[in-house]
$ cat data09.json   # JSON, C-alpha atoms and all ligand atoms
[["chain", "number", "residue", "atom", "x", "y", "z"],
["Q", 1, "MET", "CA", 0.00, 0.00, 0.00],
["Q", 2, "LYS", "CA", 1.32, 3.43, -0.98],
["Q", 3, "GLN", "CA", 1.88, 6.14, 1.60],
["Q", 4, "GLU", "CA", -0.63, 9.00, 1.76],
["Q", 5, "ASN", "CA", 0.09, 12.40, 0.18],
["Q", 6, "ILE", "CA", 0.29, 15.81, 1.78],
["Q", 7, "VAL", "CA", -1.73, 18.26, -0.34],
["Q", 8, "LEU", "CA", -1.24, 22.01, 0.08],
["Q", 9, "VAL", "CA", -4.14, 24.26, -0.86],
["Q", 10, "GLY", "CA", -4.54, 28.02, -0.43],
["Q", 11, "PHE", "CA", -4.80, 31.37, -2.15],
["Q", 12, "MET", "CA", -1.90, 32.74, -4.21],
["Q", 13, "GLY", "CA", 0.86, 33.96, -1.92],
["Q", 14, "THR", "CA", -0.10, 31.94, 1.15],
["Q", 15, "GLY", "CA", 3.21, 30.05, 1.01],
["Q", 16, "LYS", "CA", 2.24, 26.74, -0.64],
["Q", 17, "THR", "CA", 5.41, 26.48, -2.74],
["Q", 18, "SER", "CA", 7.82, 27.37, 0.09],
["Q", 19, "VAL", "CA", 6.11, 25.03, 2.56],
["Q", 20, "ALA", "CA", 5.94, 22.24, -0.05],
["Q", 21, "ASN", "CA", 9.69, 22.54, -0.73],
["Q", 22, "GLN", "CA", 10.46, 22.44, 2.98],
["Q", 23, "LEU", "CA", 8.21, 19.39, 3.51],
["Q", 24, "ALA", "CA", 9.73, 17.55, 0.55],
["Q", 25, "ARG", "CA", 13.24, 18.14, 1.91],
["Q", 26, "GLN", "CA", 12.38, 17.30, 5.50],
["Q", 27, "CYS", "CA", 10.33, 14.17, 4.75],
["Q", 28, "ALA", "CA", 12.34, 13.05, 1.70],
["Q", 29, "MET", "CA", 9.07, 12.78, -0.22],
["Q", 30, "PRO", "CA", 8.77, 13.68, -3.91],
["Q", 31, "LEU", "CA", 7.30, 17.11, -4.68],
["Q", 32, "LEU", "CA", 4.58, 17.40, -7.29],
["Q", 33, "ASP", "CA", 3.79, 21.02, -8.13],
["Q", 34, "MET", "CA", 0.56, 20.99, -10.13],
["Q", 35, "ASP", "CA", 1.16, 24.34, -11.88],
["Q", 36, "THR", "CA", 4.66, 23.22, -12.92],
["Q", 37, "MET", "CA", 3.30, 19.89, -14.19],
["Q", 38, "ILE", "CA", 0.58, 21.69, -16.18],
["Q", 39, "GLU", "CA", 3.18, 24.04, -17.70],
["Q", 40, "GLN", "CA", 5.52, 21.16, -18.57],
["Q", 41, "ARG", "CA", 2.76, 19.16, -20.22],
["Q", 42, "ALA", "CA", 1.33, 22.15, -22.10],
["Q", 43, "GLY", "CA", 4.82, 23.29, -23.11],
["Q", 44, "LYS", "CA", 3.98, 26.87, -22.11],
["Q", 45, "PRO", "CA", 3.58, 29.02, -19.02],
["Q", 46, "ILE", "CA", 0.21, 29.39, -17.28],
["Q", 47, "THR", "CA", -0.11, 33.02, -18.44],
["Q", 48, "ARG", "CA", -0.06, 31.73, -22.04],
["Q", 49, "ILE", "CA", -2.53, 28.91, -21.32],
["Q", 50, "PHE", "CA", -4.93, 31.55, -19.92],
["Q", 51, "ALA", "CA", -4.28, 33.97, -22.81],
["Q", 52, "GLU", "CA", -4.47, 31.44, -25.64],
["Q", 53, "GLU", "CA", -6.96, 28.85, -24.36],
["Q", 54, "GLY", "CA", -8.84, 30.71, -21.63],
["Q", 55, "GLU", "CA", -9.37, 30.04, -17.93],
["Q", 56, "PRO", "CA", -12.00, 27.27, -18.47],
["Q", 57, "ALA", "CA", -9.44, 25.26, -20.48],
["Q", 58, "PHE", "CA", -6.90, 25.68, -17.68],
["Q", 59, "ARG", "CA", -9.48, 24.52, -15.10],
["Q", 60, "LYS", "CA", -10.19, 21.43, -17.18],
["Q", 61, "ILE", "CA", -6.49, 20.50, -17.31],
["Q", 62, "GLU", "CA", -6.20, 21.22, -13.57],
["Q", 63, "HIS", "CA", -9.17, 18.96, -12.81],
["Q", 64, "ALA", "CA", -7.78, 16.10, -14.94],
["Q", 65, "LEU", "CA", -4.49, 16.36, -13.05],
["Q", 66, "ALA", "CA", -6.26, 16.40, -9.65],
["Q", 67, "ASP", "CA", -7.98, 13.20, -10.71],
["Q", 68, "GLU", "CA", -4.63, 11.69, -11.72],
["Q", 69, "LEU", "CA", -2.96, 12.69, -8.44],
["Q", 70, "ALA", "CA", -5.80, 11.47, -6.21],
["Q", 71, "THR", "CA", -4.10, 8.12, -5.58],
["Q", 72, "PRO", "CA", -1.79, 7.88, -2.56],
["Q", 73, "SER", "CA", 1.80, 8.07, -3.81],
["Q", 74, "GLY", "CA", 3.66, 9.36, -0.76],
["Q", 75, "SER", "CA", 4.05, 12.78, -2.39],
["Q", 76, "ILE", "CA", 3.90, 16.41, -1.39],
["Q", 77, "ILE", "CA", 1.39, 18.00, -3.78],
["Q", 78, "SER", "CA", 1.34, 21.77, -4.19],
["Q", 79, "THR", "CA", -1.86, 22.95, -5.89],
["Q", 80, "GLY", "CA", -2.75, 26.21, -7.69],
["Q", 81, "GLY", "CA", -4.83, 28.73, -5.74],
["Q", 82, "GLY", "CA", -7.94, 28.06, -7.81],
["Q", 83, "ILE", "CA", -8.06, 24.32, -7.14],
["Q", 84, "VAL", "CA", -10.97, 24.90, -4.71],
["Q", 85, "LEU", "CA", -13.18, 26.33, -7.49],
["Q", 86, "ASN", "CA", -14.19, 22.78, -8.33],
["Q", 87, "PRO", "CA", -15.04, 21.05, -5.01],
["Q", 88, "GLU", "CA", -14.63, 17.73, -6.80],
["Q", 89, "ASN", "CA", -10.87, 18.47, -6.94],
["Q", 90, "ILE", "CA", -10.71, 18.66, -3.15],
["Q", 91, "ARG", "CA", -12.79, 15.52, -2.78],
["Q", 92, "LEU", "CA", -10.43, 13.63, -5.11],
["Q", 93, "LEU", "CA", -7.23, 14.93, -3.51],
["Q", 94, "SER", "CA", -8.60, 14.16, -0.02],
["Q", 95, "GLU", "CA", -8.95, 10.51, -1.04],
["Q", 96, "GLY", "CA", -5.19, 10.26, -1.42],
["Q", 97, "GLY", "CA", -3.95, 12.16, 1.56],
["Q", 98, "LEU", "CA", -4.10, 14.98, 4.06],
["Q", 99, "VAL", "CA", -5.32, 18.25, 2.54],
["Q", 100, "VAL", "CA", -3.97, 21.35, 4.29],
["Q", 101, "CYS", "CA", -5.32, 24.84, 3.60],
["Q", 102, "LEU", "CA", -2.84, 27.68, 4.13],
["Q", 103, "GLN", "CA", -4.35, 31.07, 4.95],
["Q", 104, "ALA", "CA", -2.79, 34.54, 5.07],
["Q", 105, "SER", "CA", -4.07, 38.08, 5.54],
["Q", 106, "ILE", "CA", -4.67, 40.20, 2.45],
["Q", 107, "ASP", "CA", -1.72, 42.47, 3.39],
["Q", 108, "GLU", "CA", 0.61, 39.49, 3.64],
["Q", 109, "ILE", "CA", -0.67, 38.08, 0.32],
["Q", 110, "LEU", "CA", -0.14, 41.44, -1.41],
["Q", 111, "ARG", "CA", 3.36, 41.73, 0.05],
["Q", 112, "ARG", "CA", 4.26, 38.28, -1.28],
["Q", 113, "VAL", "CA", 2.83, 38.74, -4.78],
["Q", 114, "GLN", "CA", 3.71, 42.42, -5.29],
["Q", 115, "HIS", "CA", 6.47, 41.86, -7.86],
["Q", 116, "ASP", "CA", 4.92, 38.82, -9.50],
["Q", 117, "THR", "CA", 4.21, 38.88, -13.22],
["Q", 118, "THR", "CA", 3.44, 35.19, -13.70],
["Q", 119, "ARG", "CA", -0.08, 35.05, -12.28],
["Q", 120, "PRO", "CA", -2.70, 35.75, -14.95],
["Q", 121, "LEU", "CA", -5.41, 36.63, -12.44],
["Q", 122, "LEU", "CA", -3.29, 39.43, -10.97],
["Q", 123, "GLN", "CA", -2.33, 41.18, -14.21],
["Q", 124, "GLY", "CA", -3.18, 44.84, -14.73],
["Q", 125, "MET", "CA", -4.11, 47.64, -12.38],
["Q", 126, "ASP", "CA", -5.32, 47.64, -8.78],
["Q", 127, "ARG", "CA", -3.98, 44.40, -7.49],
["Q", 128, "ARG", "CA", -5.47, 44.92, -4.02],
["Q", 129, "ALA", "CA", -8.99, 45.14, -5.48],
["Q", 130, "LYS", "CA", -8.40, 42.00, -7.56],
["Q", 131, "VAL", "CA", -7.05, 40.01, -4.62],
["Q", 132, "ALA", "CA", -9.89, 41.26, -2.38],
["Q", 133, "ALA", "CA", -12.55, 40.25, -4.91],
["Q", 134, "LEU", "CA", -11.05, 36.78, -5.45],
["Q", 135, "LEU", "CA", -10.65, 36.24, -1.71],
["Q", 136, "THR", "CA", -14.25, 37.24, -1.03],
["Q", 137, "ALA", "CA", -15.53, 34.84, -3.67],
["Q", 138, "ARG", "CA", -13.29, 31.97, -2.59],
["Q", 139, "THR", "CA", -13.21, 32.27, 1.20],
["Q", 140, "PRO", "CA", -16.12, 29.83, 1.76],
["Q", 141, "LEU", "CA", -14.39, 27.31, -0.51],
["Q", 142, "TYR", "CA", -11.10, 27.50, 1.39],
["Q", 143, "GLN", "CA", -12.90, 27.43, 4.73],
["Q", 144, "ALA", "CA", -14.67, 24.20, 3.79],
["Q", 145, "ILE", "CA", -11.32, 22.40, 4.16],
["Q", 146, "PRO", "CA", -11.17, 20.94, 7.67],
["Q", 147, "TYR", "CA", -7.48, 21.55, 8.32],
["Q", 148, "GLN", "CA", -6.50, 25.25, 8.24],
["Q", 149, "ILE", "CA", -3.19, 26.90, 9.03],
["Q", 150, "HIS", "CA", -2.82, 30.68, 9.40],
["Q", 151, "THR", "CA", 0.66, 31.52, 8.20],
["Q", 152, "ASP", "CA", 1.06, 35.22, 9.10],
["Q", 153, "GLY", "CA", 4.07, 35.69, 11.38],
["Q", 154, "ARG", "CA", 5.09, 32.03, 11.25],
["Q", 155, "THR", "CA", 8.23, 30.58, 9.73],
["Q", 156, "ILE", "CA", 8.17, 28.02, 6.92],
["Q", 157, "ALA", "CA", 9.98, 25.53, 9.19],
["Q", 158, "ASP", "CA", 7.41, 25.96, 11.96],
["Q", 159, "ILE", "CA", 4.49, 25.46, 9.54],
["Q", 160, "ALA", "CA", 6.18, 22.37, 8.05],
["Q", 161, "ASP", "CA", 6.70, 20.89, 11.53],
["Q", 162, "GLU", "CA", 3.01, 21.35, 12.33],
["Q", 163, "ILE", "CA", 1.98, 19.67, 9.06],
["Q", 164, "ILE", "CA", 4.33, 16.72, 9.62],
["Q", 165, "ALA", "CA", 2.84, 16.12, 13.08],
["Q", 166, "ALA", "CA", -0.70, 16.29, 11.63],
["Q", 167, "TYR", "CA", 0.29, 13.97, 8.79],
["Q", 168, "GLN", "CA", 1.70, 11.38, 11.20],
["Q", 169, "HIS", "CA", -1.52, 11.53, 13.19],
["Q", 170, "HIS", "CA", -3.61, 11.35, 9.97],
["Q", 171, "GLN", "CA", -1.74, 8.26, 8.77],
["Q", 172, "ALA", "CA", -2.33, 6.53, 12.07],
["Q", 173, "LEU", "CA", -6.10, 6.94, 11.69],
["Q", 174, "PRO", "CA", -8.19, 4.24, 9.99],
["Q", 175, "THR", "CA", -9.19, 5.14, 6.41],
["Q", 176, "ASN", "CA", -12.67, 6.61, 6.03],
["Q", 177, "SER", "CA", -14.34, 4.26, 3.59],
["Q", 178, "ASN", "CA", -17.42, 6.47, 2.97],
["M", 1, "LIG", "C1", -4.49, 30.57, -9.72],
["M", 1, "LIG", "C2", -3.35, 30.44, -8.97],
["M", 1, "LIG", "C3", -2.05, 30.07, -9.55],
["M", 1, "LIG", "C4", -2.25, 29.31, -10.88],
["M", 1, "LIG", "C5", -3.14, 30.08, -11.80],
["M", 1, "LIG", "C6", -4.52, 30.33, -11.19],
["M", 1, "LIG", "C7", -5.75, 30.94, -9.03],
["M", 1, "LIG", "O1", -1.33, 29.24, -8.65],
["M", 1, "LIG", "O2", -2.76, 28.02, -10.68],
["M", 1, "LIG", "O3", -2.50, 31.30, -12.07],
["M", 1, "LIG", "O4", -6.83, 30.80, -9.66],
["M", 1, "LIG", "O5", -5.69, 31.36, -7.86],
["M", 1, "LIG", "P1", -0.61, 29.81, -7.30],
["M", 1, "LIG", "O6", -1.62, 29.75, -6.21],
["M", 1, "LIG", "O7", 0.50, 28.85, -7.07],
["M", 1, "LIG", "O8", -0.15, 31.17, -7.58]]

$ encode --input "data09.json" --output "structure tokens" --more "lines below"
Ligand code: S3P
Amino acid sequence: MKQENIVLVGFMGTGKTSVANQLARQCAMPLLDMDTMIEQRAGKPITRIFAEEGEPAFRKIEHALADELATPSGSIISTGGGIVLNPENIRLLSEGGLVVCLQASIDEILRRVQHDTTRPLLQGMDRRAKVAALLTARTPLYQAIPYQIHTDGRTIADIADEIIAAYQHHQALPTNSN
């Protein structure tokens, strides 16, 4: 039987990539970054997938990959911030492991993404208004995930340690067969 995954979910700039890298190093588990996998398979960056094929096409590819990664493989899986838009993605990924939702305040998110040019949903003017609108729409979807971690003021190492402890506990529990 394969080991369960650790799946990191959260809005852009909540620290998924940094925490995933730390977990992969600390646990010696392979890291699967969904956005990177999508870019590699499409042969182009996400900004171009959005520009040339549209967001619905990206969401379709993202959903197919969530389905593919739903099986336990002992991996750290870092998702894109919009993975929650299709609740089926979370249901699938929860089948294969512990899903962790990282949260951060809007100020912290804006600080982390301020120089970013690679996120199609943050292109153009008034980034704060864009982030605020997306957060408002998505907050109930993130909050539906049982395990939440607020990352403001915490170190990556500290967050990783908490997740490892939760993961060990999660693995010790009997599988929910419903
Ligand atoms: C998205 C977040 C991005 C990426 C795409 C869409 C979103 O991932 O999947 O640009 O809808 O929030 P990150 O959360 O890693 O930035």

$ closest_residue --input "data09.json" --among "Q:Ser78, Q:Ala66, Q:Arg111, Q:Ile163" --to "Pro30 of chain Q" --atoms "all atoms listed in the file"
Q:Ser78

$ residues_around --input "data09.json" --residues "Gly74 of chain Q" --least-positions-apart "3" --cutoff "8 Å" --atoms "all atoms listed in the file" --output "ChimeraX atom specification"
/Q:2-6,29-30

$ write_last_selection --input "data09.json" --atoms "C-alpha atoms" --output "short mmCIF file (atom, residue, chain, number, x, y, z; two decimals), keeping the file's coordinate frame"
data_model
loop_
_atom_site.label_atom_id
_atom_site.label_comp_id
_atom_site.auth_asym_id
_atom_site.auth_seq_id
_atom_site.Cartn_x
_atom_site.Cartn_y
_atom_site.Cartn_z
CA LYS Q 2 1.32 3.43 -0.98
CA GLN Q 3 1.88 6.14 1.60
CA GLU Q 4 -0.63 9.00 1.76
CA ASN Q 5 0.09 12.40 0.18
CA ILE Q 6 0.29 15.81 1.78
CA MET Q 29 9.07 12.78 -0.22
CA PRO Q 30 8.77 13.68 -3.91
#

$ residues_around --input "data09.json" --residues "Glu62 of chain Q" --least-positions-apart "3" --cutoff "8 Å" --atoms "only C-alpha atoms" --output "ChimeraX atom specification"
/Q:34,38,58-59,65-66,83

$ atom_distance --input "data09.json" --atom1 "atom CA of Phe11 of chain Q" --atom2 "atom CA of Thr47 of chain Q"
17.0 Å

$ closest_residue --input "data09.json" --among "Q:Ile46, Q:Met37, Q:Ile109, Q:Val99" --to "ligand LIG 1 (chain M)" --atoms "only C-alpha atoms and all ligand atoms"
Q:Ile46

$ atom_distance --input "data09.json" --atom1 "atom CA of Pro146 of chain Q" --atom2 "atom CA of Gly96 of chain Q"
15.2 Å

$ residues_near_ligand --input "data09.json" --ligand "ligand LIG 1 (chain M)" --cutoff "6 Å" --atoms "only C-alpha atoms and all ligand atoms" --output "VMD selection string"
chain Q and resid 11 to 12 35 80 to 82 119 to 120

$ closest_residue --input "data09.json" --among "Q:Ala165, Q:Cys101, Q:Ala57, Q:Leu69" --to "Asn89 of chain Q" --atoms "all atoms listed in the file"
Q:Leu69

$ atom_distance --input "data09.json" --atom1 "atom CA of Glu108 of chain Q" --atom2 "atom CA of Gly13 of chain Q"
7.8 Å

$ closest_residue --input "data09.json" --among "Q:Gln123, Q:Glu162, Q:Gln171, Q:Thr14" --to "Ile106 of chain Q" --atoms "all atoms listed in the file"
Q:Thr14

$ residues_around --input "data09.json" --residues "Gln143 of chain Q" --least-positions-apart "3" --cutoff "10 Å" --atoms "only C-alpha atoms" --output "list in words"
Gly10, Val84, Cys101, Gln103, Arg138, Thr139, Pro140, Pro146, Tyr147 and Gln148 of chain Q

$ closest_residue --input "data09.json" --among "Q:Asn86, Q:Ile76, Q:Glu95, Q:Ala42" --to "Gln26 of chain Q" --atoms "all atoms listed in the file"
Q:Ile76
